[in-house]
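Pasting my_file.cif here (mmCIF, N, CA and C atoms and all ligand atoms):
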data_query
#
loop_
_atom_site.label_atom_id
_atom_site.label_comp_id
_atom_site.auth_asym_id
_atom_site.auth_seq_id
_atom_site.Cartn_x
_atom_site.Cartn_y
_atom_site.Cartn_z
N MET A 1 102.76 76.62 150.97
CA MET A 1 102.62 77.22 149.64
C MET A 1 101.17 77.61 149.35
N ARG A 2 100.26 76.74 149.81
CA ARG A 2 98.83 76.98 149.55
C ARG A 2 98.41 78.36 150.09
N GLU A 3 98.92 78.68 151.28
CA GLU A 3 98.52 79.94 151.89
C GLU A 3 99.04 81.15 151.11
N ARG A 4 100.06 80.94 150.30
CA ARG A 4 100.56 82.06 149.48
C ARG A 4 99.78 82.15 148.17
N ILE A 5 99.23 81.04 147.72
CA ILE A 5 98.52 81.03 146.43
C ILE A 5 97.05 81.43 146.57
N LEU A 6 96.42 80.97 147.66
CA LEU A 6 94.98 81.21 147.81
C LEU A 6 94.57 82.68 147.72
N PRO A 7 95.29 83.60 148.40
CA PRO A 7 94.87 85.01 148.28
C PRO A 7 94.91 85.52 146.83
N ILE A 8 95.83 84.98 146.05
CA ILE A 8 95.90 85.39 144.63
C ILE A 8 94.68 84.84 143.89
N LEU A 9 94.40 83.56 144.09
CA LEU A 9 93.27 82.94 143.39
C LEU A 9 91.97 83.65 143.72
N GLN A 10 91.81 84.00 144.98
CA GLN A 10 90.53 84.58 145.42
C GLN A 10 90.26 85.97 144.83
N LYS A 11 91.28 86.58 144.26
CA LYS A 11 91.07 87.89 143.62
C LYS A 11 90.49 87.75 142.22
N HIS A 12 90.48 86.50 141.71
CA HIS A 12 90.09 86.29 140.31
C HIS A 12 88.80 85.49 140.19
N ALA A 13 88.10 85.73 139.07
CA ALA A 13 86.90 84.94 138.77
C ALA A 13 87.32 83.53 138.40
N ARG A 14 86.48 82.55 138.74
CA ARG A 14 86.78 81.15 138.43
C ARG A 14 86.45 80.88 136.97
N GLN A 15 87.22 81.43 136.09
CA GLN A 15 86.98 81.23 134.66
C GLN A 15 88.32 81.15 133.93
N ARG A 16 88.27 80.54 132.78
CA ARG A 16 89.47 80.29 132.00
C ARG A 16 90.25 81.57 131.69
N GLU A 17 89.53 82.67 131.51
CA GLU A 17 90.17 83.95 131.17
C GLU A 17 91.10 84.44 132.29
N SER A 18 90.92 83.90 133.46
CA SER A 18 91.76 84.32 134.59
C SER A 18 93.12 83.63 134.56
N LEU A 19 93.27 82.63 133.71
CA LEU A 19 94.47 81.79 133.78
C LEU A 19 95.78 82.58 133.67
N ILE A 20 95.95 83.37 132.62
CA ILE A 20 97.23 84.07 132.42
C ILE A 20 97.54 85.03 133.58
N PRO A 21 96.58 85.91 133.96
CA PRO A 21 96.90 86.78 135.11
C PRO A 21 97.21 86.00 136.38
N VAL A 22 96.50 84.89 136.60
CA VAL A 22 96.78 84.07 137.80
C VAL A 22 98.19 83.51 137.73
N LEU A 23 98.56 82.97 136.58
CA LEU A 23 99.92 82.41 136.43
C LEU A 23 100.97 83.49 136.67
N GLN A 24 100.73 84.67 136.12
CA GLN A 24 101.69 85.77 136.29
C GLN A 24 101.83 86.14 137.77
N GLU A 25 100.71 86.23 138.45
CA GLU A 25 100.77 86.65 139.87
C GLU A 25 101.38 85.56 140.75
N VAL A 26 101.04 84.31 140.45
CA VAL A 26 101.61 83.22 141.26
C VAL A 26 103.12 83.16 141.03
N GLN A 27 103.54 83.33 139.78
CA GLN A 27 104.98 83.31 139.50
C GLN A 27 105.69 84.49 140.18
N ALA A 28 105.03 85.66 140.18
CA ALA A 28 105.63 86.82 140.85
C ALA A 28 105.78 86.53 142.35
N GLU A 29 104.83 85.81 142.92
CA GLU A 29 104.87 85.49 144.35
C GLU A 29 105.92 84.42 144.67
N LEU A 30 105.96 83.35 143.85
CA LEU A 30 106.82 82.20 144.17
C LEU A 30 108.14 82.19 143.41
N GLY A 31 108.22 82.99 142.35
CA GLY A 31 109.44 83.00 141.54
C GLY A 31 109.41 82.00 140.40
N TYR A 32 108.48 81.06 140.46
CA TYR A 32 108.29 80.06 139.40
C TYR A 32 106.95 79.36 139.64
N LEU A 33 106.63 78.40 138.78
CA LEU A 33 105.34 77.72 138.88
C LEU A 33 105.56 76.24 139.22
N PRO A 34 105.66 75.93 140.49
CA PRO A 34 105.89 74.53 140.87
C PRO A 34 104.63 73.68 140.63
N PRO A 35 104.77 72.34 140.56
CA PRO A 35 103.62 71.47 140.29
C PRO A 35 102.47 71.67 141.27
N GLU A 36 102.79 71.92 142.56
CA GLU A 36 101.72 72.11 143.54
C GLU A 36 100.89 73.35 143.20
N ALA A 37 101.54 74.39 142.70
CA ALA A 37 100.81 75.61 142.33
C ALA A 37 99.90 75.33 141.14
N ILE A 38 100.41 74.57 140.17
CA ILE A 38 99.59 74.24 138.99
C ILE A 38 98.35 73.45 139.43
N THR A 39 98.51 72.54 140.39
CA THR A 39 97.37 71.77 140.88
C THR A 39 96.33 72.68 141.53
N GLU A 40 96.79 73.62 142.36
CA GLU A 40 95.87 74.56 143.01
C GLU A 40 95.11 75.38 141.98
N ILE A 41 95.86 75.88 141.00
CA ILE A 41 95.24 76.72 139.97
C ILE A 41 94.23 75.90 139.16
N ALA A 42 94.60 74.66 138.83
CA ALA A 42 93.71 73.79 138.05
C ALA A 42 92.41 73.56 138.81
N GLN A 43 92.51 73.28 140.10
CA GLN A 43 91.31 73.03 140.89
C GLN A 43 90.44 74.29 140.98
N PHE A 44 91.08 75.42 141.18
CA PHE A 44 90.33 76.67 141.35
C PHE A 44 89.61 77.06 140.06
N LEU A 45 90.30 76.95 138.95
CA LEU A 45 89.72 77.41 137.69
C LEU A 45 88.93 76.31 136.95
N GLY A 46 89.02 75.08 137.45
CA GLY A 46 88.31 73.99 136.77
C GLY A 46 88.90 73.67 135.41
N ILE A 47 90.21 73.77 135.31
CA ILE A 47 90.93 73.47 134.06
C ILE A 47 91.89 72.32 134.38
N SER A 48 92.16 71.45 133.40
CA SER A 48 93.08 70.35 133.69
C SER A 48 94.52 70.87 133.78
N ARG A 49 95.32 70.12 134.53
CA ARG A 49 96.74 70.49 134.66
C ARG A 49 97.42 70.51 133.30
N SER A 50 97.10 69.54 132.46
CA SER A 50 97.78 69.49 131.16
C SER A 50 97.39 70.69 130.29
N ASP A 51 96.14 71.16 130.44
CA ASP A 51 95.73 72.37 129.72
C ASP A 51 96.57 73.56 130.18
N ILE A 52 96.76 73.65 131.48
CA ILE A 52 97.53 74.78 132.02
C ILE A 52 98.98 74.72 131.51
N TYR A 53 99.58 73.54 131.56
CA TYR A 53 100.96 73.42 131.06
C TYR A 53 101.00 73.77 129.58
N GLY A 54 99.98 73.33 128.84
CA GLY A 54 99.94 73.61 127.40
C GLY A 54 99.93 75.10 127.13
N VAL A 55 99.09 75.83 127.87
CA VAL A 55 98.99 77.28 127.68
C VAL A 55 100.27 77.96 128.17
N ALA A 56 100.71 77.60 129.37
CA ALA A 56 101.85 78.30 129.98
C ALA A 56 103.14 78.07 129.19
N SER A 57 103.29 76.87 128.61
CA SER A 57 104.52 76.58 127.86
C SER A 57 104.65 77.44 126.62
N PHE A 58 103.51 77.96 126.16
CA PHE A 58 103.50 78.79 124.96
C PHE A 58 104.16 80.15 125.24
N TYR A 59 104.15 80.57 126.48
CA TYR A 59 104.70 81.88 126.84
C TYR A 59 106.08 81.72 127.48
N ALA A 60 107.06 82.43 126.90
CA ALA A 60 108.44 82.30 127.40
C ALA A 60 108.57 82.82 128.83
N GLN A 61 107.65 83.66 129.27
CA GLN A 61 107.79 84.27 130.60
C GLN A 61 107.60 83.29 131.75
N PHE A 62 106.93 82.16 131.50
CA PHE A 62 106.62 81.27 132.61
C PHE A 62 107.73 80.25 132.86
N ARG A 63 108.04 80.04 134.14
CA ARG A 63 109.11 79.14 134.55
C ARG A 63 108.51 78.01 135.40
N PHE A 64 108.96 76.81 135.12
CA PHE A 64 108.44 75.65 135.87
C PHE A 64 109.48 75.10 136.84
N GLU A 65 110.67 75.67 136.79
CA GLU A 65 111.73 75.25 137.71
C GLU A 65 112.06 76.41 138.64
N LYS A 66 112.45 76.08 139.85
CA LYS A 66 112.94 77.11 140.76
C LYS A 66 114.13 77.80 140.09
N GLN A 67 114.16 79.13 140.16
CA GLN A 67 115.22 79.85 139.48
C GLN A 67 116.46 80.00 140.34
N GLY A 68 117.61 80.12 139.67
CA GLY A 68 118.87 80.28 140.37
C GLY A 68 119.04 81.69 140.91
N LYS A 69 120.02 81.85 141.77
CA LYS A 69 120.31 83.16 142.36
C LYS A 69 120.65 84.18 141.27
N TYR A 70 121.36 83.74 140.24
CA TYR A 70 121.75 84.63 139.15
C TYR A 70 121.11 84.18 137.84
N ALA A 71 120.55 85.16 137.11
CA ALA A 71 119.97 84.87 135.80
C ALA A 71 121.02 85.19 134.73
N VAL A 72 121.47 84.16 134.02
CA VAL A 72 122.47 84.34 132.96
C VAL A 72 121.74 84.20 131.63
N ARG A 73 121.82 85.25 130.82
CA ARG A 73 121.13 85.20 129.52
C ARG A 73 122.13 85.52 128.41
N VAL A 74 122.11 84.69 127.39
CA VAL A 74 123.05 84.86 126.28
C VAL A 74 122.24 85.14 125.01
N CYS A 75 122.57 86.24 124.35
CA CYS A 75 121.82 86.62 123.15
C CYS A 75 122.15 85.70 121.97
N GLN A 76 121.09 85.29 121.29
CA GLN A 76 121.24 84.48 120.08
C GLN A 76 120.58 85.18 118.90
N GLY A 77 120.41 86.50 119.02
CA GLY A 77 119.85 87.28 117.91
C GLY A 77 120.83 87.32 116.75
N THR A 78 120.39 87.85 115.63
CA THR A 78 121.20 87.80 114.40
C THR A 78 122.57 88.45 114.57
N ALA A 79 122.59 89.68 115.09
CA ALA A 79 123.87 90.40 115.22
C ALA A 79 124.83 89.62 116.12
N CYS A 80 124.31 89.08 117.20
CA CYS A 80 125.17 88.32 118.12
C CYS A 80 125.56 86.98 117.50
N HIS A 81 124.62 86.39 116.79
CA HIS A 81 124.90 85.08 116.17
C HIS A 81 126.08 85.18 115.20
N VAL A 82 126.06 86.22 114.34
CA VAL A 82 127.13 86.32 113.34
C VAL A 82 128.48 86.71 113.97
N ARG A 83 128.44 87.21 115.18
CA ARG A 83 129.71 87.57 115.84
C ARG A 83 130.11 86.58 116.93
N GLY A 84 129.57 85.39 116.88
CA GLY A 84 130.06 84.35 117.78
C GLY A 84 129.18 84.06 118.98
N GLY A 85 127.94 84.51 118.95
CA GLY A 85 127.04 84.28 120.08
C GLY A 85 126.85 82.80 120.40
N LYS A 86 126.89 81.98 119.38
CA LYS A 86 126.70 80.54 119.60
C LYS A 86 127.89 79.95 120.38
N ARG A 87 129.09 80.42 120.03
CA ARG A 87 130.28 79.93 120.75
C ARG A 87 130.26 80.39 122.21
N VAL A 88 129.81 81.65 122.41
CA VAL A 88 129.71 82.17 123.78
C VAL A 88 128.71 81.32 124.57
N LEU A 89 127.57 81.03 123.95
CA LEU A 89 126.57 80.20 124.63
C LEU A 89 127.15 78.82 124.95
N GLY A 90 127.87 78.26 124.00
CA GLY A 90 128.48 76.94 124.22
C GLY A 90 129.43 76.95 125.40
N GLU A 91 130.18 78.03 125.54
CA GLU A 91 131.12 78.13 126.67
C GLU A 91 130.36 78.29 128.00
N VAL A 92 129.28 79.07 127.97
CA VAL A 92 128.48 79.24 129.19
C VAL A 92 127.87 77.89 129.59
N VAL A 93 127.36 77.16 128.63
CA VAL A 93 126.80 75.83 128.89
C VAL A 93 127.88 74.94 129.52
N TYR A 94 129.07 75.02 128.95
CA TYR A 94 130.18 74.20 129.46
C TYR A 94 130.54 74.60 130.89
N GLN A 95 130.68 75.92 131.12
CA GLN A 95 131.10 76.40 132.44
C GLN A 95 130.06 76.12 133.52
N LEU A 96 128.79 76.29 133.17
CA LEU A 96 127.74 76.11 134.19
C LEU A 96 127.27 74.67 134.28
N GLY A 97 127.50 73.91 133.21
CA GLY A 97 127.06 72.51 133.22
C GLY A 97 125.56 72.36 133.08
N ILE A 98 124.90 73.39 132.53
CA ILE A 98 123.45 73.31 132.31
C ILE A 98 123.11 73.84 130.93
N GLU A 99 122.01 73.36 130.39
CA GLU A 99 121.52 73.82 129.09
C GLU A 99 120.59 75.01 129.32
N PRO A 100 120.34 75.80 128.25
CA PRO A 100 119.37 76.90 128.38
C PRO A 100 118.02 76.39 128.91
N LYS A 101 117.35 77.26 129.64
CA LYS A 101 116.05 76.97 130.30
C LYS A 101 116.21 76.05 131.50
N HIS A 102 117.44 75.93 131.99
CA HIS A 102 117.64 75.09 133.18
C HIS A 102 118.37 75.87 134.27
N THR A 103 118.33 75.28 135.45
CA THR A 103 118.94 75.89 136.63
C THR A 103 119.96 74.91 137.19
N SER A 104 121.08 75.43 137.67
CA SER A 104 122.10 74.53 138.21
C SER A 104 121.56 73.85 139.48
N PRO A 105 122.02 72.63 139.77
CA PRO A 105 121.50 71.89 140.92
C PRO A 105 121.65 72.63 142.24
N ASP A 106 122.65 73.52 142.33
CA ASP A 106 122.83 74.29 143.57
C ASP A 106 122.01 75.59 143.58
N PHE A 107 121.16 75.77 142.56
CA PHE A 107 120.30 76.95 142.42
C PHE A 107 121.09 78.26 142.41
N LYS A 108 122.30 78.19 141.87
CA LYS A 108 123.10 79.40 141.78
C LYS A 108 122.81 80.13 140.45
N TYR A 109 122.71 79.38 139.37
CA TYR A 109 122.53 80.01 138.06
C TYR A 109 121.33 79.42 137.31
N SER A 110 120.60 80.32 136.62
CA SER A 110 119.62 79.87 135.63
C SER A 110 120.10 80.40 134.29
N LEU A 111 120.01 79.57 133.28
CA LEU A 111 120.50 79.97 131.95
C LEU A 111 119.35 80.10 130.97
N GLU A 112 119.35 81.21 130.24
CA GLU A 112 118.34 81.45 129.21
C GLU A 112 119.04 82.00 127.97
N THR A 113 118.38 81.85 126.83
CA THR A 113 118.84 82.57 125.65
C THR A 113 117.88 83.72 125.41
N ALA A 114 118.31 84.69 124.61
CA ALA A 114 117.44 85.83 124.30
C ALA A 114 117.52 86.11 122.82
N ALA A 115 116.48 86.76 122.29
CA ALA A 115 116.44 87.05 120.86
C ALA A 115 117.19 88.33 120.51
N CYS A 116 117.23 89.30 121.42
CA CYS A 116 117.99 90.54 121.22
C CYS A 116 117.83 91.39 122.46
N PHE A 117 118.93 91.93 122.93
CA PHE A 117 118.86 92.82 124.10
C PHE A 117 118.81 94.28 123.68
N GLY A 118 118.81 94.54 122.37
CA GLY A 118 118.83 95.93 121.90
C GLY A 118 120.20 96.56 122.07
N ALA A 119 121.22 95.73 122.17
CA ALA A 119 122.59 96.24 122.32
C ALA A 119 123.47 95.61 121.23
N CYS A 120 122.92 95.55 120.01
CA CYS A 120 123.58 94.82 118.92
C CYS A 120 124.98 95.36 118.61
N ALA A 121 125.21 96.66 118.86
CA ALA A 121 126.53 97.24 118.60
C ALA A 121 127.60 96.58 119.47
N LEU A 122 127.16 95.96 120.56
CA LEU A 122 128.10 95.32 121.49
C LEU A 122 128.19 93.81 121.27
N ALA A 123 127.59 93.32 120.21
CA ALA A 123 127.52 91.87 119.97
C ALA A 123 128.90 91.22 119.95
N PRO A 124 129.01 89.99 120.44
CA PRO A 124 127.95 89.21 121.11
C PRO A 124 127.79 89.61 122.58
N VAL A 125 126.54 89.53 123.02
CA VAL A 125 126.18 90.07 124.33
C VAL A 125 125.69 88.97 125.26
N MET A 126 126.11 89.05 126.51
CA MET A 126 125.46 88.24 127.55
C MET A 126 125.11 89.16 128.71
N VAL A 127 124.07 88.78 129.44
CA VAL A 127 123.59 89.60 130.54
C VAL A 127 123.50 88.72 131.78
N VAL A 128 124.06 89.20 132.87
CA VAL A 128 123.92 88.48 134.14
C VAL A 128 123.15 89.40 135.07
N ASP A 129 122.00 88.93 135.51
CA ASP A 129 121.02 89.76 136.21
C ASP A 129 120.74 90.98 135.35
N LYS A 130 121.19 92.18 135.78
CA LYS A 130 120.88 93.35 134.93
C LYS A 130 122.15 93.93 134.32
N THR A 131 123.28 93.26 134.48
CA THR A 131 124.52 93.80 133.95
C THR A 131 124.80 93.23 132.56
N VAL A 132 125.06 94.15 131.62
CA VAL A 132 125.28 93.76 130.23
C VAL A 132 126.79 93.61 129.98
N TYR A 133 127.17 92.48 129.39
CA TYR A 133 128.56 92.25 129.02
C TYR A 133 128.62 92.14 127.50
N GLY A 134 129.33 93.10 126.88
CA GLY A 134 129.38 93.14 125.42
C GLY A 134 130.71 92.66 124.88
N ARG A 135 130.71 92.42 123.56
CA ARG A 135 131.89 91.94 122.84
C ARG A 135 132.50 90.73 123.55
N MET A 136 131.64 89.83 123.91
CA MET A 136 132.07 88.65 124.67
C MET A 136 132.89 87.70 123.80
N THR A 137 133.84 87.08 124.44
CA THR A 137 134.58 86.00 123.80
C THR A 137 134.47 84.78 124.71
N THR A 138 134.82 83.63 124.18
CA THR A 138 134.71 82.43 125.02
C THR A 138 135.65 82.53 126.22
N THR A 139 136.80 83.17 126.03
CA THR A 139 137.74 83.25 127.16
C THR A 139 137.24 84.20 128.26
N GLN A 140 136.38 85.15 127.89
CA GLN A 140 135.85 86.08 128.91
C GLN A 140 134.73 85.48 129.74
N VAL A 141 134.11 84.43 129.23
CA VAL A 141 132.95 83.86 129.91
C VAL A 141 133.28 83.46 131.34
N LYS A 142 134.36 82.74 131.52
CA LYS A 142 134.73 82.25 132.86
C LYS A 142 134.97 83.43 133.81
N LYS A 143 135.65 84.46 133.28
CA LYS A 143 135.95 85.64 134.09
C LYS A 143 134.67 86.33 134.56
N VAL A 144 133.74 86.49 133.63
CA VAL A 144 132.46 87.15 133.99
C VAL A 144 131.73 86.31 135.03
N LEU A 145 131.63 85.01 134.79
CA LEU A 145 130.87 84.16 135.71
C LEU A 145 131.51 84.11 137.09
N SER A 146 132.85 84.27 137.14
CA SER A 146 133.53 84.21 138.45
C SER A 146 133.16 85.42 139.32
N GLN A 147 132.59 86.46 138.73
CA GLN A 147 132.15 87.61 139.51
C GLN A 147 130.84 87.33 140.23
N TYR A 148 130.24 86.17 139.95
CA TYR A 148 128.96 85.81 140.56
C TYR A 148 129.11 84.48 141.31
N PRO A 149 129.76 84.52 142.43
CA PRO A 149 130.08 83.28 143.14
C PRO A 149 128.86 82.62 143.81
S1 LIG B 1 121.18 90.61 118.46
FE1 LIG B 1 122.18 90.41 120.35
S2 LIG B 1 121.84 92.33 121.29
FE2 LIG B 1 120.79 92.47 119.43
#

Since I need it in another form, could you write the structure as structure tokens?
Ligand code: FES
Amino acid sequence: MRERILPILQKHARQRESLIPVLQEVQAELGYLPPEAITEIAQFLGISRSDIYGVASFYAQFRFEKQGKYAVRVCQGTACHVRGGKRVLGEVVYQLGIEPKHTSPDFKYSLETAACFGACALAPVMVVDKTVYGRMTTTQVKKVLSQYP
């Protein structure tokens, strides 16, 4: 892993301002930010690990767990919420056996919530990878997920 991170670090100045771009590039390279990567970044930039976690946790884009093969995202925006988005999310949680911001133990699925996909007319909406599923019901959840074995 070190050999994949070092070339990224070496492109940046050893200063705190480099933190966000470094995190973005390391995540793009590894798919997430494992503890070993945080340690390397902390040593290179001279920042504590807890500082890095503090900053990175503030941004929804950063992931600290290895991501699943399929990204399942369920909208919890207002339009989706009033049309049953919470029930859809509950069914996805039940079917996958994981809570939002987590990945299944077999690394098949990662579950996230979203604030709005810009497809409110189709509410409630869930997205698997880049495919949008609109007017979702709890009974459709299992059918949609079965398309992603
Ligand atoms: S609120 Fe769900 S797509 Fe807009």

Exercise: stretch 95-104 of chain A partners within 8 Å, only N, CA and C atoms, chain neighbours under 3 positions left out, as a PDB file with N, CA and C atoms, keeping the file's coordinate frame:
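Heads up, here's the output in out-v6.pdb:
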ATOM      1  N   GLU A  65     110.670  75.670 136.790  1.00  0.00           N
ATOM      2  CA  GLU A  65     111.730  75.250 137.710  1.00  0.00           C
ATOM      3  C   GLU A  65     112.060  76.410 138.640  1.00  0.00           C
ATOM      4  N   LYS A  66     112.450  76.080 139.850  1.00  0.00           N
ATOM      5  CA  LYS A  66     112.940  77.110 140.760  1.00  0.00           C
ATOM      6  C   LYS A  66     114.130  77.800 140.090  1.00  0.00           C
ATOM      7  N   GLN A  67     114.160  79.130 140.160  1.00  0.00           N
ATOM      8  CA  GLN A  67     115.220  79.850 139.480  1.00  0.00           C
ATOM      9  C   GLN A  67     116.460  80.000 140.340  1.00  0.00           C
ATOM     10  N   GLY A  68     117.610  80.120 139.670  1.00  0.00           N
ATOM     11  CA  GLY A  68     118.870  80.280 140.370  1.00  0.00           C
ATOM     12  C   GLY A  68     119.040  81.690 140.910  1.00  0.00           C
ATOM     13  N   LYS A  69     120.020  81.850 141.770  1.00  0.00           N
ATOM     14  CA  LYS A  69     120.310  83.160 142.360  1.00  0.00           C
ATOM     15  C   LYS A  69     120.650  84.180 141.270  1.00  0.00           C
ATOM     16  N   LEU A  89     127.570  81.030 123.950  1.00  0.00           N
ATOM     17  CA  LEU A  89     126.570  80.200 124.630  1.00  0.00           C
ATOM     18  C   LEU A  89     127.150  78.820 124.950  1.00  0.00           C
ATOM     19  N   GLY A  90     127.870  78.260 124.000  1.00  0.00           N
ATOM     20  CA  GLY A  90     128.480  76.940 124.220  1.00  0.00           C
ATOM     21  C   GLY A  90     129.430  76.950 125.400  1.00  0.00           C
ATOM     22  N   GLU A  91     130.180  78.030 125.540  1.00  0.00           N
ATOM     23  CA  GLU A  91     131.120  78.130 126.670  1.00  0.00           C
ATOM     24  C   GLU A  91     130.360  78.290 128.000  1.00  0.00           C
ATOM     25  N   VAL A  92     129.280  79.070 127.970  1.00  0.00           N
ATOM     26  CA  VAL A  92     128.480  79.240 129.190  1.00  0.00           C
ATOM     27  C   VAL A  92     127.870  77.890 129.590  1.00  0.00           C
ATOM     28  N   PHE A 107     121.160  75.770 142.560  1.00  0.00           N
ATOM     29  CA  PHE A 107     120.300  76.950 142.420  1.00  0.00           C
ATOM     30  C   PHE A 107     121.090  78.260 142.410  1.00  0.00           C
ATOM     31  N   LYS A 108     122.300  78.190 141.870  1.00  0.00           N
ATOM     32  CA  LYS A 108     123.100  79.400 141.780  1.00  0.00           C
ATOM     33  C   LYS A 108     122.810  80.130 140.450  1.00  0.00           C
ATOM     34  N   TYR A 109     122.710  79.380 139.370  1.00  0.00           N
ATOM     35  CA  TYR A 109     122.530  80.010 138.060  1.00  0.00           C
ATOM     36  C   TYR A 109     121.330  79.420 137.310  1.00  0.00           C
ATOM     37  N   SER A 110     120.600  80.320 136.620  1.00  0.00           N
ATOM     38  CA  SER A 110     119.620  79.870 135.630  1.00  0.00           C
ATOM     39  C   SER A 110     120.100  80.400 134.290  1.00  0.00           C
ATOM     40  N   LEU A 111     120.010  79.570 133.280  1.00  0.00           N
ATOM     41  CA  LEU A 111     120.500  79.970 131.950  1.00  0.00           C
ATOM     42  C   LEU A 111     119.350  80.100 130.970  1.00  0.00           C
ATOM     43  N   GLU A 112     119.350  81.210 130.240  1.00  0.00           N
ATOM     44  CA  GLU A 112     118.340  81.450 129.210  1.00  0.00           C
ATOM     45  C   GLU A 112     119.040  82.000 127.970  1.00  0.00           C
ATOM     46  N   THR A 113     118.380  81.850 126.830  1.00  0.00           N
ATOM     47  CA  THR A 113     118.840  82.570 125.650  1.00  0.00           C
ATOM     48  C   THR A 113     117.880  83.720 125.410  1.00  0.00           C
ATOM     49  N   VAL A 141     134.110  84.430 129.230  1.00  0.00           N
ATOM     50  CA  VAL A 141     132.950  83.860 129.910  1.00  0.00           C
ATOM     51  C   VAL A 141     133.280  83.460 131.340  1.00  0.00           C
ATOM     52  N   LYS A 142     134.360  82.740 131.520  1.00  0.00           N
ATOM     53  CA  LYS A 142     134.730  82.250 132.860  1.00  0.00           C
ATOM     54  C   LYS A 142     134.970  83.430 133.810  1.00  0.00           C
TER      55      LYS A 142
END

Practice problem: Considering only C-alpha atoms, return as number ranges by chain whatever protein or nucleic-acid residues lie within 10 Å of A:Lys86, sequence-local ones (same chain, fewer than 3 positions apart) excluded. | Solution: A: 74-77, 80-83, 89-92, 124, 138

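Considering only N, CA and C atoms and all ligand atoms, the residue among A:Ala114, A:Pro34, A:Lys11, A:Gly46 positioned nearest to ligand LIG 1 (chain B) is A:Ala114.
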
With only N, CA and C atoms and all ligand atoms counted and 5 Å as the cut-off, give the residues of chain A in contact with ligand LIG 1 (chain B), each with its shortest interatomic distance in Å and the pair that gives it, as a Markdown table.
| residue | atom | partner | partner_atom | distance |
| --- | --- | --- | --- | --- |
| A:Cys75 | CA | B:LIG1 | FE1 | 4.7 |
| A:Gly77 | CA | B:LIG1 | S1 | 3.6 |
| A:Thr78 | N | B:LIG1 | S1 | 4.0 |
| A:Ala79 | N | B:LIG1 | S1 | 3.8 |
| A:Cys80 | N | B:LIG1 | S1 | 3.7 |
| A:Cys116 | CA | B:LIG1 | FE2 | 3.8 |
| A:Phe117 | N | B:LIG1 | S2 | 3.4 |
| A:Gly118 | N | B:LIG1 | S2 | 3.9 |
| A:Ala119 | N | B:LIG1 | S2 | 3.6 |
| A:Cys120 | N | B:LIG1 | S2 | 3.6 |

Find the residues of stretch 22-54 of chain A that sit at most 7 Å from stretch 2-10 of chain A; for each, write down the nearest two atoms and how far apart they are in Å, to one decimal. Count only C-alpha atoms. Sort by chain, then by number going up, and give it as CSV.
residue,atom,partner,partner_atom,distance
A:Val22,CA,A:Leu9,CA,6.7
A:Glu25,CA,A:Ile8,CA,6.9
A:Val26,CA,A:Ile5,CA,6.4

Same residues, N, CA and C atoms, output as a CSV table (one decimal), keeping the file's coordinate frame:
chain,number,residue,atom,x,y,z
A,22,VAL,N,96.5,84.9,136.6
A,22,VAL,CA,96.8,84.1,137.8
A,22,VAL,C,98.2,83.5,137.7
A,25,GLU,N,100.7,86.2,138.4
A,25,GLU,CA,100.8,86.6,139.9
A,25,GLU,C,101.4,85.6,140.8
A,26,VAL,N,101.0,84.3,140.4
A,26,VAL,CA,101.6,83.2,141.3
A,26,VAL,C,103.1,83.2,141.0
